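Asks: Structure supplied as protein.txt; contents: compact mmCIF, C-alpha atoms.
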```txt
# COMPACT_ATOMS: atom_id res chain seq x y z
CA MET A 1 0.00 0.00 0.00
CA GLU A 2 2.75 2.46 0.91
CA THR A 3 4.58 1.68 -2.34
CA MET A 4 1.39 2.38 -4.29
CA GLN A 5 0.95 5.63 -2.38
CA THR A 6 4.44 6.97 -3.13
CA GLU A 7 4.99 5.87 -6.72
CA ASN A 8 3.35 9.03 -8.03
CA LEU A 9 4.95 11.24 -5.39
CA ILE A 10 8.21 13.14 -5.38
CA ALA A 11 9.85 14.26 -2.16
CA VAL A 12 9.79 18.04 -1.86
CA ASP A 13 13.42 18.29 -0.75
CA ILE A 14 14.60 16.21 -3.74
CA PHE A 15 12.47 18.26 -6.12
CA CYS A 16 13.84 21.53 -4.72
CA ALA A 17 17.46 20.35 -4.90
CA HIS A 18 16.98 19.20 -8.48
CA ASN A 19 15.43 22.52 -9.50
CA ASN A 20 17.78 24.64 -7.42
CA ILE A 21 14.99 26.36 -5.51
CA GLU A 22 14.23 26.99 -1.84
CA ILE A 23 11.96 24.62 0.07
CA SER A 24 10.35 27.68 1.63
CA PHE A 25 9.03 28.61 -1.81
CA ILE A 26 7.15 25.31 -2.06
CA SER A 27 5.83 25.83 1.47
CA SER A 28 4.62 29.30 0.52
CA LEU A 29 2.77 27.89 -2.49
CA GLN A 30 1.08 25.39 -0.20
CA GLN A 31 0.12 28.07 2.30
CA LYS A 32 -1.53 30.05 -0.47
CA GLY A 33 -3.49 26.98 -1.54
CA LEU A 34 -1.83 26.88 -4.96
CA ILE A 35 -0.47 23.35 -4.49
CA GLU A 36 -0.99 20.41 -2.18
CA ILE A 37 1.73 18.63 -0.27
CA THR A 38 1.21 15.07 0.93
CA THR A 39 2.96 14.27 4.17
CA ILE A 40 4.06 10.68 4.78
CA GLU A 41 6.07 9.95 7.91
CA GLU A 42 6.91 13.63 8.34
CA THR A 43 8.26 13.93 4.77
CA GLY A 44 6.53 16.23 2.32
CA PHE A 45 5.75 14.97 -1.18
CA LEU A 46 4.47 16.51 -4.39
CA ASP A 47 2.12 14.57 -6.64
CA LYS A 48 3.47 14.12 -10.19
CA ASP A 49 0.25 15.55 -11.57
CA GLN A 50 1.13 18.89 -9.99
CA LEU A 51 4.66 19.08 -11.36
CA ARG A 52 3.79 20.97 -14.53
CA GLN A 53 1.96 23.59 -12.49
CA VAL A 54 4.79 23.86 -9.96
CA GLU A 55 7.30 24.35 -12.79
CA LYS A 56 5.19 27.25 -14.05
CA PHE A 57 5.16 28.82 -10.59
CA ILE A 58 8.96 28.43 -10.39
CA CYS A 59 9.31 30.19 -13.73
CA PHE A 60 6.99 33.01 -12.66
CA TYR A 61 8.80 33.55 -9.37
CA TYR A 62 12.46 32.99 -10.22
CA ASP A 63 12.62 34.01 -13.86
CA LEU A 64 9.88 36.59 -14.26
CA ASP A 65 10.22 38.17 -10.79
CA ILE A 66 6.52 37.78 -10.01
CA ASN A 67 5.79 37.68 -6.28
CA LEU A 68 3.55 35.11 -4.59
CA GLU A 69 0.53 37.38 -4.50
CA GLY A 70 0.99 37.96 -8.22
CA ILE A 71 1.22 34.23 -8.84
CA GLU A 72 -2.00 33.72 -6.90
CA THR A 73 -3.80 36.38 -8.95
CA ILE A 74 -2.39 35.12 -12.25
CA THR A 75 -3.47 31.54 -11.46
CA HIS A 76 -7.00 32.69 -10.83
CA LEU A 77 -7.11 34.79 -14.00
CA LEU A 78 -5.57 32.03 -16.14
CA GLN A 79 -8.27 29.65 -14.96
CA ARG A 80 -10.90 32.20 -16.00
CA ILE A 81 -9.20 32.59 -19.40
CA ILE A 82 -9.25 28.85 -19.99
CA THR A 83 -12.90 28.63 -18.96
CA LEU A 84 -13.77 31.46 -21.33
CA GLN A 85 -11.78 29.89 -24.17
CA ASP A 86 -13.67 26.62 -23.69
CA GLU A 87 -16.92 28.56 -23.74
CA ILE A 88 -15.92 30.26 -27.00
CA VAL A 89 -15.24 26.87 -28.59
CA MET A 90 -18.65 25.66 -27.43
CA LEU A 91 -20.39 28.77 -28.77
CA ARG A 92 -18.55 28.54 -32.10
CA ASN A 93 -19.75 24.96 -32.46
CA LYS A 94 -23.28 26.08 -31.65
CA LEU A 95 -23.07 28.91 -34.18
CA GLN A 96 -21.97 26.49 -36.87
CA LEU A 97 -25.23 24.65 -36.33
CA TYR A 98 -27.38 27.74 -36.85
CA ASP A 99 -25.32 28.99 -39.77
CA ALA A 100 -26.05 25.76 -41.58
CA TYR A 101 -29.78 26.26 -41.33
CA GLU A 102 -29.83 29.78 -42.84
CA MET B 1 17.29 37.20 -44.73
CA ASN B 2 16.27 40.36 -42.87
CA PHE B 3 18.33 42.13 -40.27
CA VAL B 4 16.81 41.80 -36.81
CA ASP B 5 17.21 44.81 -34.51
CA TYR B 6 17.44 43.26 -31.06
CA TYR B 7 17.51 46.64 -29.33
CA LYS B 8 14.24 47.59 -30.95
CA ILE B 9 12.67 44.27 -29.96
CA LEU B 10 13.50 44.90 -26.31
CA GLY B 11 12.63 48.59 -26.58
CA ILE B 12 16.01 49.81 -25.36
CA GLU B 13 18.78 52.09 -26.58
CA LYS B 14 22.10 50.81 -27.88
CA THR B 15 23.71 52.32 -24.80
CA ALA B 16 21.59 50.14 -22.47
CA THR B 17 23.41 48.65 -19.52
CA PRO B 18 23.19 44.92 -18.66
CA LYS B 19 20.77 45.90 -15.90
CA ASP B 20 18.59 47.78 -18.42
CA ILE B 21 18.61 44.76 -20.73
CA LYS B 22 17.63 42.38 -17.95
CA SER B 23 14.86 44.69 -16.77
CA ALA B 24 13.49 45.20 -20.29
CA TYR B 25 13.58 41.48 -21.02
CA ARG B 26 11.81 40.53 -17.81
CA LYS B 27 9.13 43.15 -18.37
CA LEU B 28 8.37 41.81 -21.84
CA ALA B 29 8.69 38.19 -20.69
CA ARG B 30 5.97 38.84 -18.11
CA LYS B 31 3.79 40.13 -20.93
CA TYR B 32 4.38 37.42 -23.55
CA HIS B 33 5.35 34.27 -21.68
CA PRO B 34 3.37 31.29 -23.12
CA ASP B 35 2.32 30.15 -19.64
CA LEU B 36 0.70 33.54 -19.15
CA ASN B 37 -0.93 33.57 -22.58
CA PRO B 38 -2.55 30.19 -23.17
CA ASN B 39 -3.28 29.31 -26.82
CA ASP B 40 -1.91 32.65 -28.06
CA LYS B 41 0.29 32.18 -31.14
CA ASP B 42 1.15 35.89 -31.34
CA ALA B 43 2.39 35.90 -27.75
CA LYS B 44 4.49 32.81 -28.44
CA ARG B 45 6.08 34.42 -31.48
CA ASN B 46 6.79 37.63 -29.56
CA PHE B 47 8.25 35.61 -26.70
CA GLN B 48 10.61 33.81 -29.05
CA GLN B 49 11.75 37.14 -30.45
CA ILE B 50 12.49 38.70 -27.08
CA ASN B 51 14.30 35.55 -25.98
CA GLU B 52 16.52 35.69 -29.02
CA ALA B 53 17.18 39.39 -28.41
CA ASN B 54 18.01 38.70 -24.77
CA GLU B 55 20.23 35.76 -25.72
CA VAL B 56 22.36 38.10 -27.85
CA LEU B 57 22.35 41.34 -25.89
CA SER B 58 22.92 39.80 -22.45
CA ASP B 59 26.04 37.99 -23.68
CA PRO B 60 28.91 40.49 -23.90
CA GLU B 61 30.65 38.69 -26.77
CA LYS B 62 27.52 38.23 -28.82
CA ARG B 63 26.46 41.79 -28.15
CA LYS B 64 29.83 43.08 -29.27
CA LYS B 65 29.64 41.11 -32.48
CA PHE B 66 26.09 42.25 -33.10
CA ASP B 67 27.00 45.89 -32.44
CA GLN B 68 30.00 45.68 -34.76
CA TYR B 69 28.56 43.76 -37.64
CA GLY B 70 24.81 43.89 -37.09
CA GLN B 71 23.71 45.81 -40.16
CA ASP B 72 26.66 44.81 -42.36
CA TRP B 73 27.29 41.32 -41.13
CA LYS B 74 26.85 39.91 -44.62
CA HIS B 75 30.07 41.56 -45.72
CA ALA B 76 32.22 40.60 -42.78
CA GLU B 77 34.66 37.73 -43.31
CA GLU B 78 35.12 37.60 -39.58
CA PHE B 79 31.76 35.87 -39.26
CA ASP B 80 33.23 32.67 -40.60
CA LYS B 81 35.82 32.75 -37.85
CA GLU B 82 33.25 33.67 -35.26
CA LYS B 83 31.15 30.63 -36.07
CA GLN B 84 33.93 28.42 -34.74
CA TYR B 85 34.09 30.41 -31.55
CA GLN B 86 32.92 28.42 -28.55
CA ARG B 87 30.05 30.35 -27.00
CA GLN B 88 29.43 30.52 -23.34
CA SER B 89 26.12 31.98 -22.70
CA SER B 90 25.28 33.59 -19.40
CA ASP B 91 22.98 31.13 -17.59
CA SER B 92 21.80 33.71 -15.11
CA GLN B 93 19.84 35.22 -17.97
CA ARG B 94 18.38 31.95 -19.17
CA ALA B 95 14.74 31.48 -18.34
CA ARG B 96 13.54 28.21 -16.85
CA TYR B 97 10.33 28.29 -18.85
CA SER B 98 8.91 25.41 -20.81
CA GLY B 99 9.28 27.41 -24.00
CA THR B 100 13.11 27.24 -23.83
CA GLN B 101 14.23 27.60 -27.41
CA THR B 102 15.87 24.70 -29.16
CA GLU B 103 17.46 24.56 -32.55
CA GLY B 104 14.99 25.68 -35.18
CA ASP B 105 13.30 28.29 -32.96
CA PHE B 106 15.89 31.01 -33.63
CA SER B 107 15.60 33.33 -36.61
CA ASP B 108 17.71 32.76 -39.71
CA PHE B 109 19.52 35.97 -38.81
CA PHE B 110 20.59 34.61 -35.43
CA ALA B 111 21.62 31.27 -36.91
CA SER B 112 23.79 32.85 -39.55
CA MET B 113 25.50 35.18 -37.07
CA PHE B 114 25.95 32.82 -34.18
CA GLY B 115 25.28 29.41 -35.64
CA GLY B 116 22.76 26.76 -34.43
CA SER B 117 21.14 26.81 -31.03
CA ALA B 118 22.09 28.86 -28.03
CA GLY B 119 23.65 27.68 -24.85
CA ALA B 120 26.30 25.34 -26.19
CA GLY B 121 29.16 25.01 -23.75
CA SER B 122 27.09 26.32 -20.86
CA SER B 123 29.16 26.27 -17.73
CA ARG B 124 26.19 25.47 -15.45
CA GLN B 125 24.43 22.32 -16.53
CA VAL B 126 20.93 23.29 -15.50
CA LYS B 127 18.26 20.96 -16.78
CA PHE B 128 15.32 22.44 -18.61
CA ARG B 129 12.07 20.87 -19.61
CA GLY B 130 11.58 20.69 -23.38
CA GLU B 131 9.18 22.90 -25.26
CA ASP B 132 5.51 21.99 -25.53
CA PHE B 133 4.34 21.43 -29.11
CA ASN B 134 0.90 22.32 -30.44
CA ALA B 135 -0.61 20.59 -33.44
CA GLU B 136 -4.00 20.66 -35.15
CA LEU B 137 -5.66 17.56 -36.53
CA HIS B 138 -8.56 17.79 -38.99
CA LEU B 139 -11.26 15.13 -38.93
CA ASP B 140 -14.59 14.62 -40.66
CA LEU B 141 -17.69 14.11 -38.54
CA ILE B 142 -17.75 10.46 -39.56
CA ASP B 143 -14.13 10.00 -38.43
CA ALA B 144 -15.00 11.35 -34.99
CA TYR B 145 -17.94 8.94 -34.67
CA LYS B 146 -15.80 5.87 -33.94
CA THR B 147 -12.73 5.29 -31.78
CA HIS B 148 -9.82 4.83 -34.13
CA LYS B 149 -6.06 5.04 -34.37
CA GLN B 150 -4.28 7.63 -36.45
CA THR B 151 -0.65 8.33 -37.22
CA LEU B 152 0.48 11.91 -37.34
CA THR B 153 3.85 13.44 -38.04
CA VAL B 154 5.07 16.13 -35.68
CA ASN B 155 8.48 17.65 -36.30
CA GLY B 156 9.52 14.70 -38.43
CA LYS B 157 8.46 12.11 -35.87
CA ASN B 158 5.56 9.71 -36.46
CA ILE B 159 3.20 9.40 -33.52
CA ARG B 160 0.36 6.88 -33.44
CA ILE B 161 -2.53 7.97 -31.25
CA THR B 162 -5.93 6.58 -30.37
CA ILE B 163 -8.73 9.07 -30.94
CA PRO B 164 -11.74 8.23 -28.75
CA ALA B 165 -15.20 8.39 -30.31
CA GLY B 166 -17.10 11.58 -29.60
CA ILE B 167 -14.13 13.93 -29.62
CA GLU B 168 -15.37 17.53 -29.87
CA ASN B 169 -14.48 20.24 -32.34
CA GLY B 170 -11.85 22.42 -30.66
CA GLN B 171 -11.03 19.83 -28.01
CA THR B 172 -7.37 19.50 -27.08
CA ILE B 173 -5.68 16.35 -25.82
CA LYS B 174 -2.24 16.08 -24.30
CA ILE B 175 0.32 13.45 -25.31
CA PRO B 176 2.89 13.60 -22.49
CA GLY B 177 6.56 13.50 -23.40
CA HIS B 178 6.13 14.00 -27.14
CA GLY B 179 7.07 17.65 -27.16
CA GLY B 180 10.53 19.08 -27.63
CA PRO B 181 13.53 17.30 -26.11
CA GLY B 182 14.66 18.39 -22.67
CA ILE B 183 17.82 20.44 -22.31
CA ASN B 184 20.81 18.95 -20.51
CA GLY B 185 18.87 15.83 -19.66
CA GLY B 186 15.67 17.59 -18.63
CA PRO B 187 12.30 15.97 -19.37
CA ASN B 188 10.66 16.25 -22.79
CA GLY B 189 7.83 18.69 -23.25
CA ASP B 190 4.31 17.58 -24.10
CA LEU B 191 2.40 17.49 -27.37
CA TYR B 192 -1.02 19.17 -27.41
CA ILE B 193 -3.31 18.15 -30.28
CA THR B 194 -6.37 20.27 -31.04
CA PHE B 195 -9.07 18.63 -33.12
CA SER B 196 -10.85 20.48 -35.88
CA ILE B 197 -13.97 18.56 -36.93
CA THR B 198 -15.75 19.44 -40.16
CA ASN B 199 -19.49 19.20 -39.97
CA ASN B 200 -21.31 16.93 -42.38
CA PRO B 201 -23.47 18.95 -44.83
CA ASN B 202 -26.53 16.84 -44.05
CA ILE B 203 -26.11 16.20 -40.34
CA LYS B 204 -25.07 18.83 -37.80
CA ARG B 205 -23.59 18.11 -34.41
CA LEU B 206 -24.04 20.01 -31.18
CA GLY B 207 -22.40 18.26 -28.28
CA ASP B 208 -23.65 14.68 -28.28
CA ASN B 209 -26.80 15.46 -30.25
CA LEU B 210 -27.24 15.41 -34.01
CA TYR B 211 -29.63 17.52 -36.07
CA ALA B 212 -30.88 16.75 -39.56
CA ASN B 213 -33.48 18.09 -41.98
CA VAL B 214 -35.47 15.44 -43.82
CA ASP B 215 -37.64 16.08 -46.86
CA LEU B 216 -41.18 14.80 -46.49
CA ASP B 217 -43.60 14.51 -49.40
CA LEU B 218 -47.03 16.10 -49.03
CA TYR B 219 -48.98 12.87 -49.24
CA THR B 220 -47.07 11.13 -46.45
CA ALA B 221 -47.33 14.26 -44.33
CA VAL B 222 -51.11 14.41 -44.76
CA LEU B 223 -51.95 10.70 -44.69
CA GLY B 224 -49.11 9.35 -42.57
CA GLY B 225 -46.73 6.55 -43.55
CA GLU B 226 -43.23 5.19 -43.20
CA PHE B 227 -39.88 5.78 -44.79
CA THR B 228 -36.22 5.03 -44.16
CA ILE B 229 -33.39 7.51 -43.60
CA ASP B 230 -29.63 7.10 -43.33
CA THR B 231 -28.02 8.03 -40.03
CA LEU B 232 -24.42 7.73 -38.81
CA SER B 233 -25.40 4.52 -37.02
CA GLY B 234 -27.16 3.02 -40.04
CA LYS B 235 -30.64 3.06 -41.60
CA VAL B 236 -33.61 4.05 -39.44
CA LYS B 237 -37.27 3.57 -40.31
CA LEU B 238 -39.43 6.59 -39.50
CA LYS B 239 -43.17 6.40 -38.84
CA VAL B 240 -44.89 9.58 -39.90
CA SER B 241 -48.13 10.49 -38.17
CA PRO B 242 -51.01 11.75 -40.31
CA GLU B 243 -51.29 15.55 -40.62
CA THR B 244 -47.62 16.14 -39.86
CA GLN B 245 -46.87 19.85 -40.20
CA ASN B 246 -43.93 21.43 -41.99
CA GLY B 247 -41.11 22.08 -39.51
CA SER B 248 -42.24 19.37 -37.08
CA LYS B 249 -39.44 17.84 -35.06
CA ILE B 250 -38.99 14.32 -33.78
CA LYS B 251 -36.38 12.95 -31.45
CA LEU B 252 -34.68 9.60 -32.00
CA LYS B 253 -33.25 8.69 -28.64
CA GLY B 254 -29.77 7.17 -28.67
CA LYS B 255 -29.21 7.81 -32.38
CA GLY B 256 -26.96 10.79 -31.84
CA PHE B 257 -23.20 11.05 -31.38
CA PRO B 258 -21.20 8.83 -29.03
CA VAL B 259 -20.49 10.42 -25.66
CA TYR B 260 -16.75 11.04 -25.31
CA LYS B 261 -15.07 8.28 -23.28
CA ASN B 262 -18.42 6.75 -22.31
CA GLU B 263 -18.65 3.60 -24.40
CA GLY B 264 -22.16 2.60 -25.37
CA GLN B 265 -23.66 5.98 -24.51
CA PHE B 266 -25.05 8.13 -27.30
CA GLY B 267 -26.82 11.45 -27.62
CA ASP B 268 -30.05 11.90 -29.58
CA LEU B 269 -30.88 12.60 -33.22
CA TYR B 270 -33.38 15.40 -33.89
CA ILE B 271 -35.16 15.29 -37.25
CA THR B 272 -36.94 18.33 -38.66
CA TYR B 273 -39.45 17.61 -41.42
CA ASN B 274 -39.21 19.78 -44.47
CA LEU B 275 -42.44 19.49 -46.40
CA LYS B 276 -42.03 19.31 -50.17
CA ILE B 277 -44.91 20.67 -52.21
CA PRO B 278 -45.41 18.58 -55.38
CA THR B 279 -44.49 20.20 -58.69
CA LYS B 280 -45.25 19.50 -62.36
CA LEU B 281 -48.76 18.35 -61.57
CA SER B 282 -50.74 16.60 -64.27
CA ASP B 283 -54.14 17.98 -65.24
CA LYS B 284 -55.84 15.23 -63.28
CA GLN B 285 -53.81 16.00 -60.16
CA LYS B 286 -54.65 19.68 -60.47
CA ALA B 287 -58.31 18.82 -60.81
CA LEU B 288 -58.17 16.66 -57.68
CA PHE B 289 -56.46 19.40 -55.70
CA THR B 290 -59.06 21.91 -56.92
CA GLU B 291 -61.83 19.57 -55.76
CA LEU B 292 -60.09 19.13 -52.41
CA ALA B 293 -59.75 22.87 -51.99
CA ALA B 294 -63.46 23.38 -52.67
CA SER B 295 -64.61 20.64 -50.31
```
Starting from the file, lay out its structure as structure tokens.
Replies:
Amino acid sequence: METMQTENLIAVDIFCAHNNIEISFISSLQQKGLIEITTIEETGFLDKDQLRQVEKFICFYYDLDINLEGIETITHLLQRIITLQDEIVMLRNKLQLYDAYE
Amino acid sequence: MNFVDYYKILGIEKTATPKDIKSAYRKLARKYHPDLNPNDKDAKRNFQQINEANEVLSDPEKRKKFDQYGQDWKHAEEFDKEKQYQRQSSDSQRARYSGTQTEGDFSDFFASMFGGSAGAGSSRQVKFRGEDFNAELHLDLIDAYKTHKQTLTVNGKNIRITIPAGIENGQTIKIPGHGGPGINGGPNGDLYITFSITNNPNIKRLGDNLYANVDLDLYTAVLGGEFTIDTLSGKVKLKVSPETQNGSKIKLKGKGFPVYKNEGQFGDLYITYNLKIPTKLSDKQKALFTELAAS
């Protein structure tokens, strides 16, 4: 069971060492509710499904100089953008239907 | 091959200090970064341009060469010698983003001045994730009706994918690890495929439901009857009630489009009757209609 639980998890300290970032940054992301950390026997782990998102946050913070509050705001706005883009696709498909009947 | 003015791209003067260059680059990177502009091809192109400009202007040697030969580089024999020069790019300026440029992403101008991709001989072997690729795949409505495999070529590589039945127009799927190669042993990027589905001229799709217009002759509409139509799932016999009006709609449950990733589940097919008035009537037919009208 424990093996199954950890096979999709990466230890936070290993991830931070590999990416040359501070562990406190990952903790800050967790505190802001932007990521989830799984704790097993007092060791923090990141789920592999979150890695892409975490990499984006690292880029925003370390490369683009965006602070944590900015990252929080951007995440919220990006989600809205994606929702709106999906809605546009749906509406375009709907419009195609009515165009055909004119 | 056009000259590329890197100073203009970053919006700085030729006298800009390294600090100015870094500041200008970061400001524009925050504006055009692909992760901040989802599905925006213009932003991606702009981002590639500012990255190239930053790559050159933040490297003292490259900047010097660009400043010296920029406009007239075509006439400078020194370029041939420079191409053999081992570059050492400044890694503190390199972004960690998924859109890290690989060979092929730099302009022809950059390639001819500095040769190939950037970052060769980097002193700090930082690993970067490869670039994400985006591709568009065109399907007919009939193709999207059944789960099937398809081979596509992305950047010279053949990839065989399974397309589930019911895929939507505009839907994007991710193929992990089939994007650009990672840098210095970093993971590959992902491949995003967006489906463009052409509607059938006779049957329209909206979500899981299908819509079709069917011609109905006057006599069947008035007296009732049966006839067969072709649908995507095969032939269907329709029972027409007497006195069916033009524009009437019927719903055929379960004869619509397959529900994406829900095997065995289908939407509905909506038929709209389009009454056809008979033409080229014989004299007898006209007489009968006249009698009917008077009755």
Asks: Each residue of chain A lying at most 10 Å from chain B should get a row with its shortest atom-to-atom pair and the distance in Å to one decimal, counting all atoms listed in the file; could you produce that, ordered by chain and increasing number, as JSON lines?
Replies:
```
{"residue": "A:His18", "atom": "CA", "partner": "B:Lys127", "partner_atom": "CA", "distance": 8.6}
{"residue": "A:Asn19", "atom": "CA", "partner": "B:Lys127", "partner_atom": "CA", "distance": 8.0}
{"residue": "A:Asn20", "atom": "CA", "partner": "B:Val126", "partner_atom": "CA", "distance": 8.8}
{"residue": "A:Arg52", "atom": "CA", "partner": "B:Ser98", "partner_atom": "CA", "distance": 9.2}
{"residue": "A:Gln53", "atom": "CA", "partner": "B:Asp35", "partner_atom": "CA", "distance": 9.7}
{"residue": "A:Glu55", "atom": "CA", "partner": "B:Tyr97", "partner_atom": "CA", "distance": 7.8}
{"residue": "A:Lys56", "atom": "CA", "partner": "B:Asp35", "partner_atom": "CA", "distance": 6.9}
{"residue": "A:Phe57", "atom": "CA", "partner": "B:Asp35", "partner_atom": "CA", "distance": 9.6}
{"residue": "A:Ile58", "atom": "CA", "partner": "B:Arg96", "partner_atom": "CA", "distance": 7.9}
{"residue": "A:Cys59", "atom": "CA", "partner": "B:Tyr97", "partner_atom": "CA", "distance": 5.6}
{"residue": "A:Phe60", "atom": "CA", "partner": "B:Arg30", "partner_atom": "CA", "distance": 8.0}
{"residue": "A:Tyr62", "atom": "CA", "partner": "B:Arg96", "partner_atom": "CA", "distance": 8.2}
{"residue": "A:Asp63", "atom": "CA", "partner": "B:Ala95", "partner_atom": "CA", "distance": 5.6}
{"residue": "A:Leu64", "atom": "CA", "partner": "B:Arg26", "partner_atom": "CA", "distance": 5.6}
{"residue": "A:Asp65", "atom": "CA", "partner": "B:Arg26", "partner_atom": "CA", "distance": 7.6}
{"residue": "A:Ile66", "atom": "CA", "partner": "B:Arg30", "partner_atom": "CA", "distance": 8.2}
{"residue": "A:Ile74", "atom": "CA", "partner": "B:Leu36", "partner_atom": "CA", "distance": 7.7}
{"residue": "A:Thr75", "atom": "CA", "partner": "B:Leu36", "partner_atom": "CA", "distance": 9.0}
{"residue": "A:Leu77", "atom": "CA", "partner": "B:Leu36", "partner_atom": "CA", "distance": 9.4}
{"residue": "A:Leu78", "atom": "CA", "partner": "B:Leu36", "partner_atom": "CA", "distance": 7.1}
{"residue": "A:Ile81", "atom": "CA", "partner": "B:Pro38", "partner_atom": "CA", "distance": 8.0}
{"residue": "A:Ile82", "atom": "CA", "partner": "B:Pro38", "partner_atom": "CA", "distance": 7.5}
{"residue": "A:Gln85", "atom": "CA", "partner": "B:Asn39", "partner_atom": "CA", "distance": 8.9}
{"residue": "A:Asp86", "atom": "CA", "partner": "B:Gly170", "partner_atom": "CA", "distance": 8.3}
{"residue": "A:Ile88", "atom": "CA", "partner": "B:Gly170", "partner_atom": "CA", "distance": 9.6}
{"residue": "A:Val89", "atom": "CA", "partner": "B:Gly170", "partner_atom": "CA", "distance": 6.0}
{"residue": "A:Met90", "atom": "CA", "partner": "B:Gly170", "partner_atom": "CA", "distance": 8.2}
{"residue": "A:Leu91", "atom": "CA", "partner": "B:Leu206", "partner_atom": "CA", "distance": 9.8}
{"residue": "A:Arg92", "atom": "CA", "partner": "B:Gly170", "partner_atom": "CA", "distance": 9.2}
{"residue": "A:Asn93", "atom": "CA", "partner": "B:Leu206", "partner_atom": "CA", "distance": 6.7}
{"residue": "A:Lys94", "atom": "CA", "partner": "B:Leu206", "partner_atom": "CA", "distance": 6.1}
{"residue": "A:Leu95", "atom": "CA", "partner": "B:Leu206", "partner_atom": "CA", "distance": 9.4}
{"residue": "A:Gln96", "atom": "CA", "partner": "B:Asn199", "partner_atom": "CA", "distance": 8.3}
{"residue": "A:Leu97", "atom": "CA", "partner": "B:Lys204", "partner_atom": "CA", "distance": 6.0}
{"residue": "A:Tyr98", "atom": "CA", "partner": "B:Lys204", "partner_atom": "CA", "distance": 9.3}
{"residue": "A:Ala100", "atom": "CA", "partner": "B:Lys204", "partner_atom": "CA", "distance": 8.0}
{"residue": "A:Tyr101", "atom": "CA", "partner": "B:Asn213", "partner_atom": "CA", "distance": 9.0}
```
Asks: Could you jot down the CA of Gln50 (chain A) to CA of Glu136 (chain B) separation for me, Å, one decimal place?
Replies: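 Taking CA of Gln50 (chain A) and CA of Glu136 (chain B), their separation equals 25.7 Å.
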Asks: Rounded to one decimal, what separation in Å do you get between CA of Ile14 (chain A) and CA of Glu69 (chain A)?
Replies: 25.4 Å
Asks: Do you have the CA of Leu269 (chain B)-CA of Lys253 (chain B) distance handy?
Replies: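 Distance reported for this atom pair: 6.5 Å.
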Asks: Keeping N, CA, C and O atoms (and nothing else), can you write region 81-91 of chain A of this structure as a PDB file, in the first residue's frame?
Replies:
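Wrote it out as decode_12.pdb, contents follow:
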```pdb
ATOM      1  N   ILE A  81      -9.477  32.522 -17.954  1.00  0.00           N
ATOM      2  CA  ILE A  81      -9.204  32.592 -19.398  1.00  0.00           C
ATOM      3  C   ILE A  81      -9.511  31.251 -20.048  1.00  0.00           C
ATOM      4  O   ILE A  81     -10.165  31.184 -21.095  1.00  0.00           O
ATOM      5  N   ILE A  82      -9.048  30.176 -19.415  1.00  0.00           N
ATOM      6  CA  ILE A  82      -9.252  28.846 -19.994  1.00  0.00           C
ATOM      7  C   ILE A  82     -10.738  28.504 -20.035  1.00  0.00           C
ATOM      8  O   ILE A  82     -11.237  27.944 -21.018  1.00  0.00           O
ATOM      9  N   THR A  83     -11.444  28.870 -18.980  1.00  0.00           N
ATOM     10  CA  THR A  83     -12.899  28.627 -18.958  1.00  0.00           C
ATOM     11  C   THR A  83     -13.576  29.406 -20.089  1.00  0.00           C
ATOM     12  O   THR A  83     -14.443  28.871 -20.789  1.00  0.00           O
ATOM     13  N   LEU A  84     -13.164  30.645 -20.272  1.00  0.00           N
ATOM     14  CA  LEU A  84     -13.770  31.461 -21.326  1.00  0.00           C
ATOM     15  C   LEU A  84     -13.416  30.923 -22.709  1.00  0.00           C
ATOM     16  O   LEU A  84     -14.253  30.920 -23.620  1.00  0.00           O
ATOM     17  N   GLN A  85     -12.181  30.462 -22.878  1.00  0.00           N
ATOM     18  CA  GLN A  85     -11.780  29.895 -24.171  1.00  0.00           C
ATOM     19  C   GLN A  85     -12.603  28.645 -24.485  1.00  0.00           C
ATOM     20  O   GLN A  85     -13.024  28.436 -25.622  1.00  0.00           O
ATOM     21  N   ASP A  86     -12.842  27.821 -23.479  1.00  0.00           N
ATOM     22  CA  ASP A  86     -13.671  26.624 -23.686  1.00  0.00           C
ATOM     23  C   ASP A  86     -15.087  27.029 -24.076  1.00  0.00           C
ATOM     24  O   ASP A  86     -15.726  26.396 -24.928  1.00  0.00           O
ATOM     25  N   GLU A  87     -15.562  28.092 -23.443  1.00  0.00           N
ATOM     26  CA  GLU A  87     -16.922  28.558 -23.737  1.00  0.00           C
ATOM     27  C   GLU A  87     -16.992  29.083 -25.179  1.00  0.00           C
ATOM     28  O   GLU A  87     -17.979  28.846 -25.875  1.00  0.00           O
ATOM     29  N   ILE A  88     -15.946  29.752 -25.618  1.00  0.00           N
ATOM     30  CA  ILE A  88     -15.916  30.258 -27.001  1.00  0.00           C
ATOM     31  C   ILE A  88     -15.976  29.099 -27.980  1.00  0.00           C
ATOM     32  O   ILE A  88     -16.698  29.144 -28.981  1.00  0.00           O
ATOM     33  N   VAL A  89     -15.226  28.053 -27.703  1.00  0.00           N
ATOM     34  CA  VAL A  89     -15.242  26.873 -28.586  1.00  0.00           C
ATOM     35  C   VAL A  89     -16.654  26.298 -28.650  1.00  0.00           C
ATOM     36  O   VAL A  89     -17.173  25.988 -29.722  1.00  0.00           O
ATOM     37  N   MET A  90     -17.300  26.205 -27.491  1.00  0.00           N
ATOM     38  CA  MET A  90     -18.649  25.658 -27.434  1.00  0.00           C
ATOM     39  C   MET A  90     -19.620  26.549 -28.224  1.00  0.00           C
ATOM     40  O   MET A  90     -20.439  26.060 -29.008  1.00  0.00           O
ATOM     41  N   LEU A  91     -19.492  27.841 -28.075  1.00  0.00           N
ATOM     42  CA  LEU A  91     -20.391  28.765 -28.766  1.00  0.00           C
ATOM     43  C   LEU A  91     -20.137  28.746 -30.270  1.00  0.00           C
ATOM     44  O   LEU A  91     -21.074  28.831 -31.068  1.00  0.00           O
TER      45      LEU A  91
END
```
